[in-house]
>>> print(open('structure-v3.txt').read())   # compact mmCIF, C-alpha atoms and all ligand atoms
# COMPACT_ATOMS: atom_id res chain seq x y z
CA MET K 1 179.23 53.85 40.88
CA ALA K 2 178.40 55.82 44.01
CA ASP K 3 179.86 53.09 46.20
CA ALA K 4 183.08 52.59 44.25
CA PRO K 5 185.67 50.64 46.25
CA VAL K 6 188.40 53.19 45.52
CA THR K 7 187.45 56.60 46.89
CA ARG K 8 190.50 58.65 45.91
CA ILE K 9 193.79 58.27 44.03
CA ASP K 10 196.64 60.73 44.49
CA ALA K 11 199.49 61.12 42.00
CA ILE K 12 202.15 62.72 44.17
CA ARG K 13 205.04 64.38 42.35
CA TYR K 14 208.40 64.32 44.11
CA ALA K 15 211.03 64.84 41.37
CA ARG K 16 211.63 66.08 37.86
CA HIS K 17 214.10 65.76 35.00
CA GLU K 18 214.48 68.44 32.34
CA ARG K 19 215.23 66.85 28.97
CA VAL K 20 214.35 67.10 25.29
CA ALA K 21 211.92 64.94 23.34
CA GLU K 22 214.49 62.68 21.68
CA ALA K 23 215.37 61.25 25.11
CA ASN K 24 211.83 59.92 25.49
CA PHE K 25 211.44 57.90 22.29
CA SER K 26 213.30 54.94 20.83
CA GLU K 27 212.89 56.28 17.28
CA PRO K 28 213.61 59.72 15.77
CA VAL K 29 210.85 62.29 16.34
CA ASP K 30 210.24 65.61 14.56
CA ASP K 31 210.25 67.60 17.79
CA HIS K 32 213.49 65.94 18.95
CA ASP K 33 215.06 69.12 20.36
CA LEU K 34 211.97 70.53 22.10
CA PRO K 35 211.69 70.38 25.90
CA MET K 36 209.86 67.27 27.13
CA PRO K 37 210.56 66.91 30.86
CA LEU K 38 209.72 63.89 32.99
CA ASP K 39 207.96 64.11 36.36
CA TYR K 40 208.42 61.44 39.02
CA TYR K 41 205.44 60.30 41.06
CA VAL K 42 204.31 57.89 43.69
CA TRP K 43 200.61 57.04 43.87
CA ALA K 44 198.27 56.55 46.82
CA ILE K 45 195.04 54.54 46.54
CA HIS K 46 192.43 55.30 49.20
CA ARG K 47 189.61 53.01 50.35
CA GLU K 48 187.17 53.04 53.24
CA GLY K 49 188.47 51.21 56.29
CA HIS K 50 192.05 50.69 55.15
CA PRO K 51 195.29 52.67 55.32
CA PRO K 52 196.25 54.10 51.92
CA LEU K 53 197.79 51.62 49.53
CA ILE K 54 201.00 53.06 48.07
CA VAL K 55 202.17 52.31 44.54
CA ASP K 56 205.97 52.59 44.21
CA THR K 57 208.41 54.20 46.62
CA GLY K 58 210.22 56.72 44.43
CA PHE K 59 213.89 57.52 45.04
CA GLY K 60 215.82 59.63 47.53
CA GLU K 61 218.48 62.28 47.59
CA HIS K 62 221.38 59.96 46.83
CA ALA K 63 219.90 58.67 43.56
CA ALA K 64 218.81 62.19 42.61
CA MET K 65 222.40 63.42 42.99
CA ALA K 66 223.92 60.40 41.26
CA ARG K 67 221.57 60.64 38.28
CA GLY K 68 221.14 64.40 37.96
CA ARG K 69 217.44 64.41 38.81
CA THR K 70 215.84 67.28 40.74
CA LEU K 71 214.31 66.11 43.98
CA ILE K 72 211.39 68.47 44.59
CA ARG K 73 210.70 67.02 48.03
CA PRO K 74 211.41 63.75 49.81
CA VAL K 75 208.74 61.13 49.11
CA GLU K 76 207.63 61.06 52.77
CA GLU K 77 207.06 64.81 52.62
CA GLY K 78 204.92 64.42 49.50
CA LEU K 79 202.92 61.74 51.28
CA ARG K 80 202.46 64.01 54.30
CA ALA K 81 201.16 66.73 51.99
CA ALA K 82 198.51 64.20 50.92
CA GLY K 83 197.68 63.49 54.57
CA ILE K 84 199.49 60.14 54.63
CA ASP K 85 201.80 58.96 57.42
CA HIS K 86 204.43 56.79 55.73
CA LEU K 87 204.99 54.85 58.96
CA LEU K 88 201.38 53.62 58.92
CA VAL K 89 201.53 52.26 55.38
CA GLU K 90 200.94 48.50 55.40
CA ASP K 91 201.21 47.65 51.71
CA VAL K 92 203.34 49.00 48.87
CA ILE K 93 202.89 47.71 45.34
CA LEU K 94 206.15 47.85 43.39
CA THR K 95 205.21 48.14 39.72
CA HIS K 96 208.81 47.26 38.87
CA LEU K 97 212.26 47.55 40.41
CA HIS K 98 213.87 50.44 38.53
CA TYR K 99 215.58 52.93 40.86
CA ASP K 100 212.84 55.54 40.46
CA HIS K 101 210.06 53.13 41.46
CA ALA K 102 211.68 51.03 44.18
CA GLY K 103 214.51 53.23 45.42
CA SER K 104 213.14 54.27 48.83
CA LEU K 105 212.00 51.10 50.57
CA ASN K 106 213.19 52.50 53.91
CA VAL K 107 210.46 55.15 53.83
CA PHE K 108 208.02 52.31 54.59
CA PRO K 109 209.54 50.30 57.45
CA ASN K 110 206.23 48.66 58.38
CA ALA K 111 205.00 47.77 54.91
CA LYS K 112 204.84 44.59 52.91
CA PHE K 113 206.18 45.02 49.38
CA HIS K 114 204.29 43.42 46.51
CA VAL K 115 206.27 42.41 43.43
CA GLN K 116 205.93 40.11 40.45
CA ASP K 117 207.95 36.87 40.51
CA ALA K 118 209.40 37.71 37.09
CA GLU K 119 210.57 41.16 38.20
CA MET K 120 212.43 39.92 41.25
CA ALA K 121 213.98 37.05 39.28
CA PHE K 122 215.10 39.44 36.56
CA ALA K 123 216.58 42.06 38.91
CA THR K 124 218.56 39.46 40.85
CA GLY K 125 219.61 37.29 37.93
CA ARG K 126 221.97 37.05 35.01
CA HIS K 127 220.40 39.83 32.91
CA VAL K 128 221.83 42.38 35.33
CA CYS K 129 225.31 41.46 34.05
CA ASP K 130 224.41 43.49 30.93
CA HIS K 131 225.32 47.08 31.78
CA GLY K 132 222.64 48.55 29.53
CA VAL K 133 219.94 46.45 31.16
CA ARG K 134 221.34 47.23 34.60
CA ALA K 135 221.46 51.01 34.17
CA PRO K 136 217.92 51.86 35.41
CA PHE K 137 218.33 49.58 38.46
CA ASP K 138 220.26 50.47 41.60
CA GLY K 139 221.87 47.55 43.39
CA GLU K 140 221.31 48.76 46.93
CA PRO K 141 217.49 48.99 46.84
CA VAL K 142 217.31 45.58 45.16
CA ALA K 143 219.55 44.21 47.94
CA GLN K 144 217.25 45.86 50.49
CA LEU K 145 214.29 44.11 48.91
CA VAL K 146 216.09 40.78 49.26
CA ARG K 147 216.64 41.57 52.95
CA LYS K 148 212.93 42.46 53.24
CA LEU K 149 212.18 39.06 51.71
CA TYR K 150 214.14 37.34 54.46
CA ALA K 151 212.23 39.40 57.03
CA ASP K 152 208.82 38.29 55.68
CA HIS K 153 208.09 41.70 54.17
CA VAL K 154 207.75 40.66 50.52
CA VAL K 155 204.62 39.26 48.84
CA PHE K 156 205.01 37.74 45.39
CA HIS K 157 202.47 37.88 42.60
CA ASP K 158 202.51 35.81 39.43
CA GLY K 159 200.57 37.40 36.60
CA ASP K 160 197.16 39.01 37.00
CA GLU K 161 195.57 38.99 40.44
CA ASP K 162 192.83 40.71 42.41
CA PHE K 163 194.63 42.60 45.17
CA ALA K 164 191.47 43.72 46.98
CA PRO K 165 187.90 44.55 45.98
CA GLY K 166 188.17 47.09 43.17
CA ILE K 167 191.97 46.87 42.91
CA ARG K 168 193.53 44.52 40.37
CA LEU K 169 197.18 43.86 39.53
CA VAL K 170 197.82 43.19 35.85
CA LYS K 171 201.17 42.05 34.50
CA ALA K 172 202.19 44.19 31.55
CA GLU K 173 205.82 43.30 30.93
CA GLY K 174 207.97 44.71 28.15
CA HIS K 175 209.53 47.78 29.78
CA THR K 176 210.87 45.31 32.34
CA ALA K 177 210.37 41.56 32.69
CA GLY K 178 207.75 41.80 35.42
CA LEU K 179 206.17 45.23 35.28
CA MET K 180 202.63 45.33 36.64
CA VAL K 181 199.95 47.99 36.36
CA VAL K 182 197.24 48.66 38.94
CA VAL K 183 193.61 48.94 37.88
CA CYS K 184 191.32 50.77 40.31
CA ASP K 185 187.51 50.88 40.27
CA THR K 186 186.56 54.50 40.99
CA ALA K 187 183.35 56.50 40.79
CA ARG K 188 184.32 57.53 37.23
CA GLY K 189 185.13 53.99 36.16
CA PRO K 190 188.49 52.22 35.84
CA VAL K 191 191.69 54.17 36.42
CA VAL K 192 194.83 52.37 35.25
CA LEU K 193 198.03 53.35 37.05
CA CYS K 194 200.24 52.14 34.24
CA SER K 195 203.67 53.14 35.59
CA ASP K 196 206.32 52.73 32.91
CA ALA K 197 204.14 50.71 30.56
CA ALA K 198 204.01 54.27 29.19
CA HIS K 199 206.26 57.02 30.59
CA LEU K 200 204.21 59.60 28.68
CA TYR K 201 200.83 59.68 26.95
CA ALA K 202 202.87 60.37 23.81
CA ASN K 203 204.51 56.94 24.03
CA ILE K 204 200.98 55.58 23.47
CA THR K 205 199.63 58.10 20.96
CA ARG K 206 202.78 58.06 18.81
CA ALA K 207 203.18 54.30 19.26
CA ILE K 208 206.88 54.82 19.89
CA PRO K 209 208.37 53.20 22.99
CA PHE K 210 210.35 54.99 25.64
CA PRO K 211 213.93 53.90 24.94
CA ILE K 212 214.12 51.46 27.86
CA PHE K 213 212.57 48.03 27.28
CA VAL K 214 213.56 44.39 27.57
CA ASP K 215 211.06 43.20 24.94
CA GLU K 216 209.74 45.68 22.36
CA GLU K 217 206.86 43.53 21.12
CA ALA K 218 205.72 42.85 24.66
CA TYR K 219 205.96 46.60 25.38
CA ALA K 220 203.50 47.26 22.53
CA ARG K 221 201.18 44.52 23.76
CA ALA K 222 201.35 46.00 27.26
CA GLN K 223 200.08 49.34 25.97
CA ASP K 224 197.26 47.59 24.10
CA LYS K 225 196.38 45.88 27.36
CA VAL K 226 196.47 49.16 29.28
CA MET K 227 194.18 50.87 26.77
CA ALA K 228 191.75 47.94 26.87
CA LEU K 229 191.69 48.05 30.68
CA ALA K 230 191.01 51.78 30.43
CA GLY K 231 188.02 51.25 28.15
CA GLY K 232 189.96 52.77 25.25
CA SER K 233 190.18 56.21 26.89
CA LEU K 234 193.44 58.02 27.66
CA ASP K 235 191.55 59.86 30.40
CA HIS K 236 191.54 56.59 32.33
CA VAL K 237 195.29 55.95 31.92
CA ILE K 238 197.83 57.47 34.29
CA PRO K 239 201.33 57.21 32.80
CA GLY K 240 204.45 56.91 34.94
CA HIS K 241 206.14 60.23 34.24
CA ASP K 242 203.91 62.62 32.30
CA PRO K 243 203.70 66.29 33.47
CA LEU K 244 200.23 66.35 31.84
CA VAL K 245 198.93 64.39 34.84
CA LEU K 246 199.48 67.43 37.06
CA SER K 247 198.29 69.97 34.52
CA CYS K 248 195.17 68.09 33.34
CA PHE K 249 193.76 66.59 36.55
CA PRO K 250 192.56 68.61 39.58
CA ALA K 251 195.75 69.29 41.53
CA THR K 252 197.06 71.19 44.52
CA ASN K 253 200.55 71.19 45.97
CA ASP K 254 201.90 68.89 43.24
CA ILE K 255 199.29 66.25 44.05
CA ALA K 256 196.82 65.34 41.30
CA ARG K 257 193.47 63.69 42.03
CA VAL K 258 193.40 61.14 39.25
CA ASP K 259 190.25 59.45 40.52
CA LEU K 260 188.48 62.59 39.27
CA PRO K 261 188.02 63.32 35.56
CA PRO K 262 190.59 65.58 33.86
CA HIS K 263 189.65 69.25 33.28
CA ARG K 264 189.64 68.50 29.57
CA PRO K 265 190.18 65.33 27.56
CA ILE K 266 193.81 64.19 27.55
CA SER K 267 193.60 63.65 23.78
CA GLU K 268 192.91 67.40 23.39
CA ALA K 269 195.70 68.40 25.76
CA ILE K 270 198.19 66.31 23.77
CA SER K 271 197.19 67.72 20.41
CA GLY K 272 197.33 71.26 21.85
CA ALA K 273 193.73 71.89 20.74
ZN ZN U 301 211.10 51.95 34.62
ZN ZN U 302 210.11 55.19 35.76
>>> encode(input="structure-v3.txt", output="structure tokens", more="lines below")
Ligand SMILES: [Zn+2]
Ligand SMILES: [Zn+2]
Amino acid sequence: MADAPVTRIDAIRYARHERVAEANFSEPVDDHDLPMPLDYYVWAIHREGHPPLIVDTGFGEHAAMARGRTLIRPVEEGLRAAGIDHLLVEDVILTHLHYDHAGSLNVFPNAKFHVQDAEMAFATGRHVCDHGVRAPFDGEPVAQLVRKLYADHVVFHDGDEDFAPGIRLVKAEGHTAGLMVVVCDTARGPVVLCSDAAHLYANITRAIPFPIFVDEEAYARAQDKVMALAGGSLDHVIPGHDPLVLSCFPATNDIARVDLPPHRPISEAISGA
């Protein structure tokens, strides 16, 4: 596909959380006490003739402090390192409304925010009364999104939709009520930005969910869907928080080019072969 609609995809790391494996799985794992950190990314999709399309906003200093995460650099600085002016961004796809994916709306004052109907309804409705369900959301960014709605800066999506040529939104709920993944047609075939449908490749390969979900069966179906969209290959799946993205794909300055093939198959990197 020499004339692929998507010419480049950046996975831009901006934060990290040191933790052990048991924090990343909803069931006991043998390596429970071994280090298994999470990285935090935003993604930029590049096309000819359009400003970069941003997927998720990340979070800022306040949330990092409040939640004990290490902010490596502000999101706008990460974007600048990828040659992107955050003020010129016209569209931001919010995969879901957890604090680490929709916590910095103000970085994009000129953008429209794209969200699933089910996600907005969930994050502003009765389920938030449950403290466990509420924990990964921050109230202020959700309130900001409501204000953006009243200022004509929110675009709703209901289920699967073509966003633009070569860019498709696919609802893959389970982690949250309205999580969506973004499927991009690149020169190497489909690349599925799957956000928290899988925090880590290991959530897929071990078939054990990350311990945050609203519907466990739907979470499993979402991963099946992601793998099908990726043609059955982990190399075509980009999880929401896996450090392997930076170590396996061509990367400089904490920015991985995930439109390019990984240096070696992800399945090998996971097994340590
Ligand atoms: Zn999440
Ligand atoms: Zn997340």
>>> residues_around(input="structure-v3.txt", residues="range 14-28 of chain K", least_positions_apart="2", cutoff="10 Å", atoms="only C-alpha atoms", output="number ranges by chain")
K: 11-12, 30-42, 58-60, 64, 67-79, 100, 199-200, 202-203, 206-213, 241, 243, 254-255
>>> residues_around(input="structure-v3.txt", residues="His263 in chain K", least_positions_apart="4", cutoff="7 Å", atoms="all atoms listed in the file", output="PyMOL selection string")
chain K and resi 248-250
>>> residues_near_point(input="structure-v3.txt", point="(194.1, 42.8, 40.4)", cutoff="7 Å", atoms="all atoms listed in the file", output="list in words")
Asp160, Glu161, Asp162, Phe163, Ile167, Arg168, Leu169, Val170, Val182 and Val183 of chain K
>>> write_last_selection(input="structure-v3.txt", atoms="C-alpha atoms", output="PDB file, keeping the file's coordinate frame")
ATOM      1  CA  ASP K 160     197.160  39.010  37.000  1.00  0.00           C
ATOM      2  CA  GLU K 161     195.570  38.990  40.440  1.00  0.00           C
ATOM      3  CA  ASP K 162     192.830  40.710  42.410  1.00  0.00           C
ATOM      4  CA  PHE K 163     194.630  42.600  45.170  1.00  0.00           C
ATOM      5  CA  ILE K 167     191.970  46.870  42.910  1.00  0.00           C
ATOM      6  CA  ARG K 168     193.530  44.520  40.370  1.00  0.00           C
ATOM      7  CA  LEU K 169     197.180  43.860  39.530  1.00  0.00           C
ATOM      8  CA  VAL K 170     197.820  43.190  35.850  1.00  0.00           C
ATOM      9  CA  VAL K 182     197.240  48.660  38.940  1.00  0.00           C
ATOM     10  CA  VAL K 183     193.610  48.940  37.880  1.00  0.00           C
TER      11      VAL K 183
END
>>> closest_atom_pairs(input="structure-v3.txt", of="chain K", to="ligand ZN 301 (chain U)", cutoff="10 Å", atoms="all atoms listed in the file", output="JSON lines")
{"residue": "K:Thr95", "atom": "CA", "partner": "U:ZN301", "partner_atom": "ZN", "distance": 8.7}
{"residue": "K:His96", "atom": "CA", "partner": "U:ZN301", "partner_atom": "ZN", "distance": 6.7}
{"residue": "K:Leu97", "atom": "CA", "partner": "U:ZN301", "partner_atom": "ZN", "distance": 7.4}
{"residue": "K:His98", "atom": "CA", "partner": "U:ZN301", "partner_atom": "ZN", "distance": 5.0}
{"residue": "K:Tyr99", "atom": "CA", "partner": "U:ZN301", "partner_atom": "ZN", "distance": 7.7}
{"residue": "K:Asp100", "atom": "CA", "partner": "U:ZN301", "partner_atom": "ZN", "distance": 7.1}
{"residue": "K:His101", "atom": "CA", "partner": "U:ZN301", "partner_atom": "ZN", "distance": 7.0}
{"residue": "K:Ala102", "atom": "CA", "partner": "U:ZN301", "partner_atom": "ZN", "distance": 9.6}
{"residue": "K:Pro136", "atom": "CA", "partner": "U:ZN301", "partner_atom": "ZN", "distance": 6.9}
{"residue": "K:Phe137", "atom": "CA", "partner": "U:ZN301", "partner_atom": "ZN", "distance": 8.5}
{"residue": "K:His175", "atom": "CA", "partner": "U:ZN301", "partner_atom": "ZN", "distance": 6.6}
{"residue": "K:Thr176", "atom": "CA", "partner": "U:ZN301", "partner_atom": "ZN", "distance": 7.0}
{"residue": "K:Leu179", "atom": "CA", "partner": "U:ZN301", "partner_atom": "ZN", "distance": 8.4}
{"residue": "K:Ser195", "atom": "CA", "partner": "U:ZN301", "partner_atom": "ZN", "distance": 7.6}
{"residue": "K:Asp196", "atom": "CA", "partner": "U:ZN301", "partner_atom": "ZN", "distance": 5.1}
{"residue": "K:Ala197", "atom": "CA", "partner": "U:ZN301", "partner_atom": "ZN", "distance": 8.2}
{"residue": "K:Ala198", "atom": "CA", "partner": "U:ZN301", "partner_atom": "ZN", "distance": 9.2}
{"residue": "K:His199", "atom": "CA", "partner": "U:ZN301", "partner_atom": "ZN", "distance": 8.1}
{"residue": "K:Phe210", "atom": "CA", "partner": "U:ZN301", "partner_atom": "ZN", "distance": 9.5}
{"residue": "K:Ile212", "atom": "CA", "partner": "U:ZN301", "partner_atom": "ZN", "distance": 7.4}
{"residue": "K:Phe213", "atom": "CA", "partner": "U:ZN301", "partner_atom": "ZN", "distance": 8.5}
{"residue": "K:Gly240", "atom": "CA", "partner": "U:ZN301", "partner_atom": "ZN", "distance": 8.3}
{"residue": "K:His241", "atom": "CA", "partner": "U:ZN301", "partner_atom": "ZN", "distance": 9.7}
>>> closest_residue(input="structure-v3.txt", among="K:Ala222, K:Ile84, K:Ala111, K:Ile238", to="Cys194 in chain K", atoms="only C-alpha atoms")
K:Ile238
>>> atom_distance(input="structure-v3.txt", atom1="CA of Leu53 in chain K", atom2="CA of Leu105 in chain K")
14.3 Å
>>> closest_residue(input="structure-v3.txt", among="K:Ala118, K:Ala81, K:Leu94, K:Leu87", to="ligand ZN 302 (chain U)", atoms="all atoms listed in the file")
K:Leu94
>>> residues_around(input="structure-v3.txt", residues="His114 in chain K", least_positions_apart="6", cutoff="9 Å", atoms="only C-alpha atoms", output="count of residues only")
10
>>> closest_residue(input="structure-v3.txt", among="K:Val29, K:Leu145, K:Leu229, K:Val128", to="Thr57 in chain K", atoms="all atoms listed in the file")
K:Leu145
>>> atom_distance(input="structure-v3.txt", atom1="CA of Ala187 in chain K", atom2="CA of Asp158 in chain K")
28.2 Å
>>> closest_residue(input="structure-v3.txt", among="K:Val115, K:Val237, K:Ala123, K:Ala66", to="Val258 in chain K", atoms="only C-alpha atoms")
K:Val237
>>> closest_residue(input="structure-v3.txt", among="K:Pro239, K:Val107, K:Arg264, K:Arg134", to="ligand ZN 302 (chain U)", atoms="all atoms listed in the file")
K:Pro239
>>> atom_distance(input="structure-v3.txt", atom1="CA of Glu216 in chain K", atom2="CA of Pro141 in chain K")
25.9 Å
>>> closest_residue(input="structure-v3.txt", among="K:His62, K:His46, K:Tyr219, K:Asp117", to="Val89 in chain K", atoms="only C-alpha atoms")
K:His46
